[in-house]
file target_26.cif (mmCIF, C-alpha atoms)
data_coords
#
loop_
_atom_site.label_atom_id
_atom_site.label_comp_id
_atom_site.auth_asym_id
_atom_site.auth_seq_id
_atom_site.Cartn_x
_atom_site.Cartn_y
_atom_site.Cartn_z
CA MET A 245 -38.01 0.31 29.25
CA ARG A 246 -40.24 2.71 27.34
CA ASP A 247 -38.01 5.64 28.35
CA HIS A 248 -34.94 3.88 27.03
CA SER A 249 -36.68 3.18 23.71
CA ARG A 250 -37.78 6.82 23.44
CA ALA A 251 -34.23 8.00 24.22
CA GLY A 252 -32.80 5.66 21.57
CA ALA A 253 -35.26 6.95 18.97
CA VAL A 254 -34.35 10.54 19.82
CA ASN A 255 -30.63 9.75 19.49
CA TRP A 256 -31.19 8.20 16.08
CA LEU A 257 -33.21 11.25 15.07
CA TYR A 258 -30.37 13.56 16.03
CA ALA A 259 -27.85 11.37 14.19
CA ALA A 260 -29.97 11.05 11.03
CA PRO A 261 -28.83 14.32 9.33
CA ALA A 262 -25.15 13.47 9.83
CA MET A 263 -25.69 9.91 8.62
CA LEU A 264 -27.55 11.20 5.56
CA VAL A 265 -24.71 13.55 4.68
CA MET A 266 -22.16 10.76 5.14
CA ALA A 267 -24.22 8.43 2.95
CA VAL A 268 -24.51 11.05 0.19
CA VAL A 269 -20.83 11.95 0.32
CA GLY A 270 -19.77 8.31 0.39
CA LEU A 271 -22.28 6.58 -1.89
CA LEU A 272 -22.72 9.13 -4.67
CA PRO A 273 -19.06 9.01 -5.79
CA ILE A 274 -19.15 5.21 -5.63
CA GLY A 275 -22.31 5.09 -7.73
CA TYR A 276 -20.83 7.60 -10.15
CA THR A 277 -17.61 5.61 -10.46
CA PHE A 278 -19.33 2.30 -11.19
CA GLY A 279 -21.63 3.98 -13.70
CA LEU A 280 -18.82 4.93 -16.06
CA ALA A 281 -19.40 2.15 -18.57
CA GLY A 282 -17.87 4.10 -21.44
CA GLU A 283 -14.71 4.79 -19.46
CA TYR A 284 -14.21 1.09 -18.72
CA HIS A 285 -14.51 0.35 -22.43
CA ARG A 286 -11.88 3.02 -23.04
CA LEU A 287 -9.72 1.39 -20.38
CA ALA A 288 -9.63 -1.86 -22.35
CA LEU A 289 -8.44 0.01 -25.44
CA ASP A 290 -5.88 2.22 -23.70
CA THR A 291 -2.44 1.38 -25.08
CA ARG A 292 -0.76 3.04 -22.07
CA PHE A 293 -2.69 1.10 -19.44
CA TRP A 294 -1.22 -2.37 -19.95
CA PRO A 295 2.45 -1.23 -19.99
CA VAL A 296 1.72 0.67 -16.78
CA VAL A 297 0.21 -2.49 -15.24
CA ARG A 298 3.28 -4.52 -16.26
CA THR A 299 5.60 -1.93 -14.75
CA THR A 300 3.59 -1.87 -11.53
CA LEU A 301 3.55 -5.67 -11.26
CA SER A 302 7.27 -5.92 -12.04
CA LEU A 303 8.09 -3.28 -9.44
CA THR A 304 5.90 -5.04 -6.87
CA ALA A 305 7.36 -8.50 -7.52
CA VAL A 306 11.02 -7.44 -7.50
CA THR A 307 10.74 -5.08 -4.56
CA VAL A 308 8.76 -7.40 -2.29
CA ALA A 309 11.02 -10.37 -3.09
CA LEU A 310 14.15 -8.39 -2.19
CA GLU A 311 12.54 -6.99 0.94
CA LEU A 312 11.52 -10.47 2.06
CA VAL A 313 15.03 -11.90 1.69
CA LEU A 314 16.79 -8.90 3.22
CA GLY A 315 14.12 -8.39 5.88
CA LEU A 316 14.39 -12.03 6.97
CA ALA A 317 18.17 -11.73 7.20
CA VAL A 318 17.91 -8.52 9.24
CA ALA A 319 15.22 -10.04 11.49
CA LEU A 320 17.37 -13.10 12.21
CA VAL A 321 20.38 -10.92 13.05
CA LEU A 322 18.41 -8.55 15.28
CA TRP A 323 16.69 -11.46 17.01
CA SER A 324 20.01 -13.00 18.02
CA PRO A 325 21.47 -11.69 21.30
CA PHE A 326 24.50 -9.40 20.95
CA PRO A 327 25.78 -6.27 22.72
CA GLY A 328 23.90 -3.15 21.65
CA ARG A 329 20.99 -5.05 20.12
CA GLY A 330 18.44 -2.52 21.35
CA LEU A 331 20.34 0.36 19.75
CA ALA A 332 20.72 -1.61 16.53
CA ARG A 333 16.98 -2.29 16.41
CA ALA A 334 16.22 1.40 16.84
CA ALA A 335 18.77 2.45 14.21
CA VAL A 336 17.42 0.00 11.64
CA LEU A 337 14.00 1.67 11.81
CA ILE A 338 15.31 5.11 10.78
CA PRO A 339 14.81 4.61 7.00
CA TRP A 340 11.25 3.44 7.54
CA ALA A 341 10.49 6.41 9.81
CA LEU A 342 11.60 8.99 7.23
CA PRO A 343 8.83 10.63 5.14
CA THR A 344 8.79 9.00 1.71
CA ALA A 345 8.84 12.28 -0.21
CA VAL A 346 11.88 13.55 1.71
CA MET A 347 13.66 10.23 1.25
CA ALA A 348 12.84 10.25 -2.49
CA MET A 349 14.37 13.72 -2.85
CA ALA A 350 17.56 12.41 -1.22
CA TRP A 351 17.68 9.48 -3.62
CA ARG A 352 17.04 11.84 -6.54
CA TRP A 353 20.15 13.75 -5.48
CA ILE A 354 22.10 10.49 -5.14
CA PHE A 355 21.18 9.56 -8.73
CA ASN A 356 21.68 13.06 -10.13
CA ALA A 357 23.38 12.85 -13.52
CA ASP A 358 25.81 15.73 -12.92
CA SER A 359 26.62 15.76 -9.21
CA GLY A 360 25.14 12.53 -7.85
CA VAL A 361 26.91 10.47 -5.22
CA MET A 362 26.23 7.17 -6.99
CA GLY A 363 28.04 8.11 -10.18
CA ASP A 364 30.99 9.60 -8.30
CA LEU A 365 31.31 6.52 -6.06
CA LEU A 366 31.24 4.06 -8.96
CA PHE A 367 33.70 6.22 -10.88
CA ARG A 368 36.14 6.18 -7.95
CA LEU A 369 35.80 2.39 -7.81
CA GLY A 370 36.58 2.19 -11.52
CA LEU A 371 33.21 0.69 -12.41
CA VAL A 372 32.07 3.48 -14.75
CA ALA A 373 34.04 5.60 -17.21
CA SER A 374 32.60 8.94 -16.04
CA PRO A 375 31.01 10.23 -12.82
CA GLN A 376 28.25 11.85 -14.89
CA VAL A 377 25.85 8.95 -15.37
CA PRO A 378 22.25 9.75 -16.44
CA TRP A 379 20.66 7.15 -14.16
CA LEU A 380 17.13 8.53 -14.29
CA ALA A 381 17.20 9.19 -18.05
CA ASP A 382 17.39 5.47 -18.84
CA ALA A 383 14.31 3.31 -18.27
CA THR A 384 16.19 0.31 -16.88
CA SER A 385 18.42 2.21 -14.45
CA ALA A 386 15.48 4.41 -13.40
CA PHE A 387 13.45 1.29 -12.59
CA TRP A 388 16.26 -0.13 -10.46
CA ALA A 389 16.73 3.24 -8.77
CA ILE A 390 13.10 3.04 -7.62
CA VAL A 391 13.63 -0.55 -6.46
CA LEU A 392 16.76 0.38 -4.50
CA ALA A 393 15.10 3.35 -2.83
CA ASP A 394 11.98 1.42 -1.87
CA VAL A 395 13.93 -1.59 -0.60
CA TRP A 396 16.16 0.67 1.49
CA LYS A 397 13.15 2.34 3.08
CA THR A 398 10.81 -0.58 3.73
CA THR A 399 13.11 -3.52 4.46
CA PRO A 400 13.18 -2.47 8.16
CA PHE A 401 9.39 -2.66 8.25
CA MET A 402 9.50 -6.16 6.78
CA ALA A 403 12.10 -7.09 9.40
CA VAL A 404 9.86 -5.83 12.21
CA LEU A 405 6.94 -7.91 10.93
CA LEU A 406 9.10 -11.02 10.70
CA MET A 407 10.56 -10.47 14.17
CA SER A 408 7.02 -10.59 15.54
CA GLY A 409 6.74 -14.06 14.00
CA LEU A 410 10.09 -15.13 15.43
CA ALA A 411 8.89 -14.09 18.89
CA ALA A 412 6.04 -16.61 18.66
CA ILE A 413 8.34 -19.62 18.05
CA PRO A 414 9.01 -21.51 21.32
CA ASP A 415 12.65 -21.88 22.32
CA GLU A 416 11.94 -25.53 23.24
CA LEU A 417 11.67 -26.42 19.57
CA TYR A 418 15.17 -25.12 18.88
CA GLU A 419 16.49 -26.98 21.90
CA ALA A 420 14.87 -30.22 20.76
CA ALA A 421 16.26 -29.79 17.24
CA ALA A 422 19.73 -29.12 18.65
CA LEU A 423 19.54 -32.29 20.75
CA ASP A 424 18.70 -34.20 17.58
CA GLY A 425 21.95 -32.92 16.08
CA ALA A 426 20.49 -30.23 13.84
CA GLY A 427 22.88 -27.37 13.04
CA PRO A 428 21.90 -23.70 12.54
CA VAL A 429 20.92 -24.15 8.89
CA ARG A 430 18.92 -27.30 9.62
CA ARG A 431 17.14 -25.61 12.54
CA PHE A 432 16.25 -22.70 10.27
CA LEU A 433 14.82 -25.00 7.59
CA VAL A 434 12.84 -27.37 9.85
CA VAL A 435 11.82 -25.03 12.69
CA THR A 436 12.05 -21.34 11.83
CA LEU A 437 10.87 -21.28 8.23
CA PRO A 438 7.77 -23.51 8.58
CA LEU A 439 6.56 -21.76 11.74
CA LEU A 440 7.31 -18.34 10.27
CA LYS A 441 5.29 -19.01 7.11
CA PRO A 442 1.99 -17.41 8.32
CA THR A 443 3.86 -14.22 9.24
CA ILE A 444 5.69 -14.27 5.90
CA VAL A 445 2.39 -14.57 4.03
CA VAL A 446 0.88 -11.62 5.91
CA ALA A 447 4.01 -9.51 5.47
CA VAL A 448 4.27 -10.25 1.74
CA ILE A 449 0.59 -9.49 1.09
CA PHE A 450 0.75 -6.29 3.11
CA ARG A 451 3.86 -5.05 1.34
CA ALA A 452 2.57 -6.13 -2.09
CA ILE A 453 -0.57 -4.04 -1.57
CA GLN A 454 1.51 -1.06 -0.49
CA THR A 455 3.96 -1.36 -3.38
CA PHE A 456 1.24 -1.87 -5.98
CA GLY A 457 -0.22 1.48 -4.94
CA LEU A 458 3.18 3.21 -4.83
CA PHE A 459 2.89 6.88 -5.77
CA ASP A 460 5.00 9.35 -3.80
CA LEU A 461 8.37 7.66 -4.28
CA VAL A 462 7.91 7.27 -8.04
CA PHE A 463 6.39 10.72 -8.46
CA VAL A 464 9.28 12.49 -6.71
CA LEU A 465 12.16 10.29 -7.91
CA THR A 466 11.37 9.81 -11.61
CA GLY A 467 7.99 11.42 -12.21
CA GLY A 468 7.09 8.28 -14.14
CA GLY A 469 9.83 8.93 -16.69
CA PRO A 470 11.66 8.61 -18.87
CA GLY A 471 8.84 8.57 -21.40
CA GLY A 472 6.41 7.07 -18.91
CA ARG A 473 8.51 3.90 -18.63
CA THR A 474 8.43 3.92 -14.79
CA GLN A 475 4.82 4.98 -14.38
CA THR A 476 2.81 3.01 -11.85
CA ILE A 477 -0.97 2.86 -11.97
CA ALA A 478 -1.21 5.41 -9.17
CA VAL A 479 1.05 7.88 -10.99
CA TYR A 480 -0.82 7.30 -14.26
CA ALA A 481 -4.16 7.95 -12.56
CA TYR A 482 -2.74 11.15 -11.04
CA ASP A 483 -1.58 12.36 -14.47
CA VAL A 484 -4.94 11.55 -16.04
CA VAL A 485 -6.90 13.45 -13.39
CA PHE A 486 -4.68 16.43 -12.58
CA ARG A 487 -2.64 16.91 -15.76
CA TYR A 488 -5.23 15.99 -18.39
CA GLN A 489 -8.32 16.89 -16.29
CA GLU A 490 -10.13 13.63 -17.08
CA LEU A 491 -11.80 12.82 -13.78
CA ALA A 492 -14.09 10.10 -15.14
CA TYR A 493 -11.26 8.12 -16.69
CA GLY A 494 -9.18 8.62 -13.55
CA CYS A 495 -12.00 7.03 -11.53
CA ALA A 496 -12.04 4.08 -13.91
CA LEU A 497 -8.29 3.66 -13.42
CA VAL A 498 -8.67 3.67 -9.64
CA VAL A 499 -11.39 1.01 -9.83
CA ALA A 500 -9.18 -1.10 -12.12
CA MET A 501 -6.35 -0.70 -9.64
CA ALA A 502 -8.58 -1.87 -6.79
CA LEU A 503 -9.69 -4.91 -8.80
CA CYS A 504 -6.06 -5.76 -9.57
CA LEU A 505 -5.28 -5.60 -5.86
CA VAL A 506 -8.18 -7.91 -5.01
CA LEU A 507 -7.11 -10.39 -7.70
CA MET A 508 -3.45 -10.25 -6.65
CA THR A 509 -4.31 -10.75 -2.98
CA GLY A 510 -6.61 -13.67 -3.81
CA LEU A 511 -3.90 -15.35 -5.90
CA MET A 512 -1.33 -14.97 -3.14
CA LEU A 513 -3.70 -16.34 -0.50
CA GLY A 514 -4.58 -19.27 -2.77
CA ALA A 515 -0.90 -19.99 -3.39
CA ALA A 516 -0.19 -19.86 0.35
CA ARG A 517 -3.03 -22.27 1.16
CA GLY A 518 -1.99 -24.58 -1.64
CA GLY A 519 1.56 -24.62 -0.38
CA SER A 520 0.38 -25.54 3.11
CA GLY A 521 -1.58 -28.50 1.75
CA ARG A 522 -4.96 -27.25 2.94
#
call {"tool": "encode", "arguments": {"input": "target_26.cif", "output": "structure tokens"}}
result
Amino acid sequence: MRDHSRAGAVNWLYAAPAMLVMAVVGLLPIGYTFGLAGEYHRLALDTRFWPVVRTTLSLTAVTVALELVLGLAVALVLWSPFPGRGLARAAVLIPWALPTAVMAMAWRWIFNADSGVMGDLLFRLGLVASPQVPWLADATSAFWAIVLADVWKTTPFMAVLLMSGLAAIPDELYEAAALDGAGPVRRFLVVTLPLLKPTIVVAVIFRAIQTFGLFDLVFVLTGGGPGGRTQTIAVYAYDVVFRYQELAYGCALVVAMALCLVLMTGLMLGAARGGSGR
């Protein structure tokens, strides 16, 4: 017993230098970040910060809502038996598997004002007067370009999460509902949707956290433009640190972003529990 204690003490002694270095590297930046009282005061007075927060929240709300609806539809289709279902499931995951930066460059080409596919397609359909449409030069169309690109990429991921919830629903419940005369819509409303709610909550929270911290797609597709109208908090923090060389204020922005995420997650969990009657 004494030998084991001595061996444990020796192991801790050997590990102490590495643990000390890890503590210094990890705790010093945290202490420095939370000690920036002046930067947090500046944050409250920053006229750019609140528009950026509104843009980030709007992007998160619209994108996640569309992904939920489309992802649920895709999950229901892929869960139903049909010939080639395995191949269809694999093909659906291709957008999600693509690197975001590469995918964003493709969408930037699609929305190119001079030679983009989107303008040419709409022109051929007679929906626009000219194939040269400056999509990314207008704040509204640039915002919806980001939404479209993000929904296209991450809807498959939402579908995969929801299919995991569908797999946990017993077939006996559908059979019992069918015997009671419930049609497909009724079975979806009384069986699928209530039992899928925990998975939906997890999927929505997970995707909301990811979208709130969206950087690479926005940075490559619009760069936060035009005029900073599509800047997210992550892109704004990047500009502050690397373009304006203000590390302290960038740290304050990251902390504010983390607090927003905690608040947003807490609100969504509270809404989910309230909706379940607990």
call {"tool": "resolve_selection", "arguments": {"input": "target_26.cif", "expression": "the PyMOL selection byres ((chain A and resi 436-445) around 12)", "output": "number ranges by chain"}}
result
A: 308-309, 311-313, 315-316, 319-320, 402-415, 417-418, 421, 428-435, 446-452, 509-517, 519-520
call {"tool": "atom_distance", "arguments": {"input": "target_26.cif", "atom1": "atom CA of Cys504 of chain A", "atom2": "atom CA of Ile477 of chain A"}}
result
10.3 Å
call {"tool": "atom_distance", "arguments": {"input": "target_26.cif", "atom1": "atom CA of Gly472 of chain A", "atom2": "atom CA of Ile390 of chain A"}}
result
13.7 Å
call {"tool": "atom_distance", "arguments": {"input": "target_26.cif", "atom1": "atom CA of Ala386 of chain A", "atom2": "atom CA of Leu461 of chain A"}}
result
12.0 Å
call {"tool": "closest_residue", "arguments": {"input": "target_26.cif", "among": "A:Asp394, A:Asp424, A:Asp382, A:Glu416", "to": "Asp460 of chain A", "atoms": "only C-alpha atoms"}}
result
A:Asp394
call {"tool": "resolve_selection", "arguments": {"input": "target_26.cif", "expression": "the PyMOL selection byres ((chain A and resi 483) around 12)", "output": "VMD selection string"}}
result
chain A and resid 459 463 467 to 468 472 475 to 482 484 to 491 493 to 494 497
call {"tool": "decode", "arguments": {"input": "target_26.cif", "residues": "segment 301-328 of chain A", "atoms": "N, CA and C atoms", "output": "short mmCIF file (atom, residue, chain, number, x, y, z; two decimals), in the first residue's frame"}}
result
data_model
loop_
_atom_site.label_atom_id
_atom_site.label_comp_id
_atom_site.auth_asym_id
_atom_site.auth_seq_id
_atom_site.Cartn_x
_atom_site.Cartn_y
_atom_site.Cartn_z
N LEU A 301 -28.58 37.45 -34.55
CA LEU A 301 -29.81 36.82 -34.06
C LEU A 301 -30.80 36.56 -35.20
N SER A 302 -30.92 37.51 -36.11
CA SER A 302 -31.83 37.32 -37.25
C SER A 302 -31.38 36.16 -38.11
N LEU A 303 -30.09 36.11 -38.39
CA LEU A 303 -29.54 35.02 -39.20
C LEU A 303 -29.76 33.67 -38.51
N THR A 304 -29.55 33.64 -37.21
CA THR A 304 -29.73 32.40 -36.45
C THR A 304 -31.18 31.96 -36.47
N ALA A 305 -32.10 32.88 -36.20
CA ALA A 305 -33.52 32.53 -36.14
C ALA A 305 -34.05 32.04 -37.49
N VAL A 306 -33.75 32.77 -38.55
CA VAL A 306 -34.27 32.41 -39.88
C VAL A 306 -33.66 31.10 -40.36
N THR A 307 -32.35 30.98 -40.21
CA THR A 307 -31.66 29.79 -40.72
C THR A 307 -32.10 28.53 -39.99
N VAL A 308 -32.13 28.58 -38.67
CA VAL A 308 -32.48 27.40 -37.89
C VAL A 308 -33.94 27.00 -38.13
N ALA A 309 -34.83 28.00 -38.26
CA ALA A 309 -36.24 27.69 -38.53
C ALA A 309 -36.40 26.97 -39.88
N LEU A 310 -35.74 27.48 -40.91
CA LEU A 310 -35.81 26.84 -42.22
C LEU A 310 -35.19 25.45 -42.19
N GLU A 311 -34.07 25.32 -41.52
CA GLU A 311 -33.41 24.01 -41.44
C GLU A 311 -34.28 23.00 -40.70
N LEU A 312 -34.98 23.45 -39.67
CA LEU A 312 -35.85 22.54 -38.93
C LEU A 312 -36.98 22.02 -39.81
N VAL A 313 -37.65 22.92 -40.52
CA VAL A 313 -38.77 22.52 -41.38
C VAL A 313 -38.28 21.61 -42.50
N LEU A 314 -37.24 22.05 -43.22
CA LEU A 314 -36.73 21.25 -44.33
C LEU A 314 -36.08 19.96 -43.84
N GLY A 315 -35.34 20.04 -42.73
CA GLY A 315 -34.70 18.84 -42.20
C GLY A 315 -35.70 17.80 -41.75
N LEU A 316 -36.82 18.25 -41.16
CA LEU A 316 -37.86 17.30 -40.76
C LEU A 316 -38.50 16.65 -41.98
N ALA A 317 -38.73 17.44 -43.02
CA ALA A 317 -39.31 16.88 -44.25
C ALA A 317 -38.36 15.85 -44.87
N VAL A 318 -37.07 16.19 -44.94
CA VAL A 318 -36.08 15.26 -45.50
C VAL A 318 -35.98 14.01 -44.65
N ALA A 319 -35.99 14.17 -43.31
CA ALA A 319 -35.89 13.01 -42.42
C ALA A 319 -37.07 12.07 -42.60
N LEU A 320 -38.27 12.64 -42.73
CA LEU A 320 -39.46 11.79 -42.91
C LEU A 320 -39.40 11.04 -44.24
N VAL A 321 -38.91 11.71 -45.29
CA VAL A 321 -38.80 11.04 -46.59
C VAL A 321 -37.76 9.94 -46.54
N LEU A 322 -36.60 10.24 -45.96
CA LEU A 322 -35.52 9.25 -45.93
C LEU A 322 -35.81 8.11 -44.96
N TRP A 323 -36.71 8.35 -44.01
CA TRP A 323 -37.05 7.28 -43.07
C TRP A 323 -38.05 6.30 -43.67
N SER A 324 -38.81 6.77 -44.65
CA SER A 324 -39.79 5.89 -45.30
C SER A 324 -39.07 4.92 -46.25
N PRO A 325 -39.51 3.67 -46.31
CA PRO A 325 -38.85 2.71 -47.20
C PRO A 325 -39.15 2.99 -48.67
N PHE A 326 -38.13 3.01 -49.50
CA PHE A 326 -38.28 3.14 -50.95
C PHE A 326 -37.00 2.62 -51.61
N PRO A 327 -37.07 2.22 -52.85
CA PRO A 327 -35.87 1.70 -53.53
C PRO A 327 -34.77 2.75 -53.60
N GLY A 328 -33.55 2.33 -53.27
CA GLY A 328 -32.41 3.25 -53.31
C GLY A 328 -32.32 4.18 -52.12
#
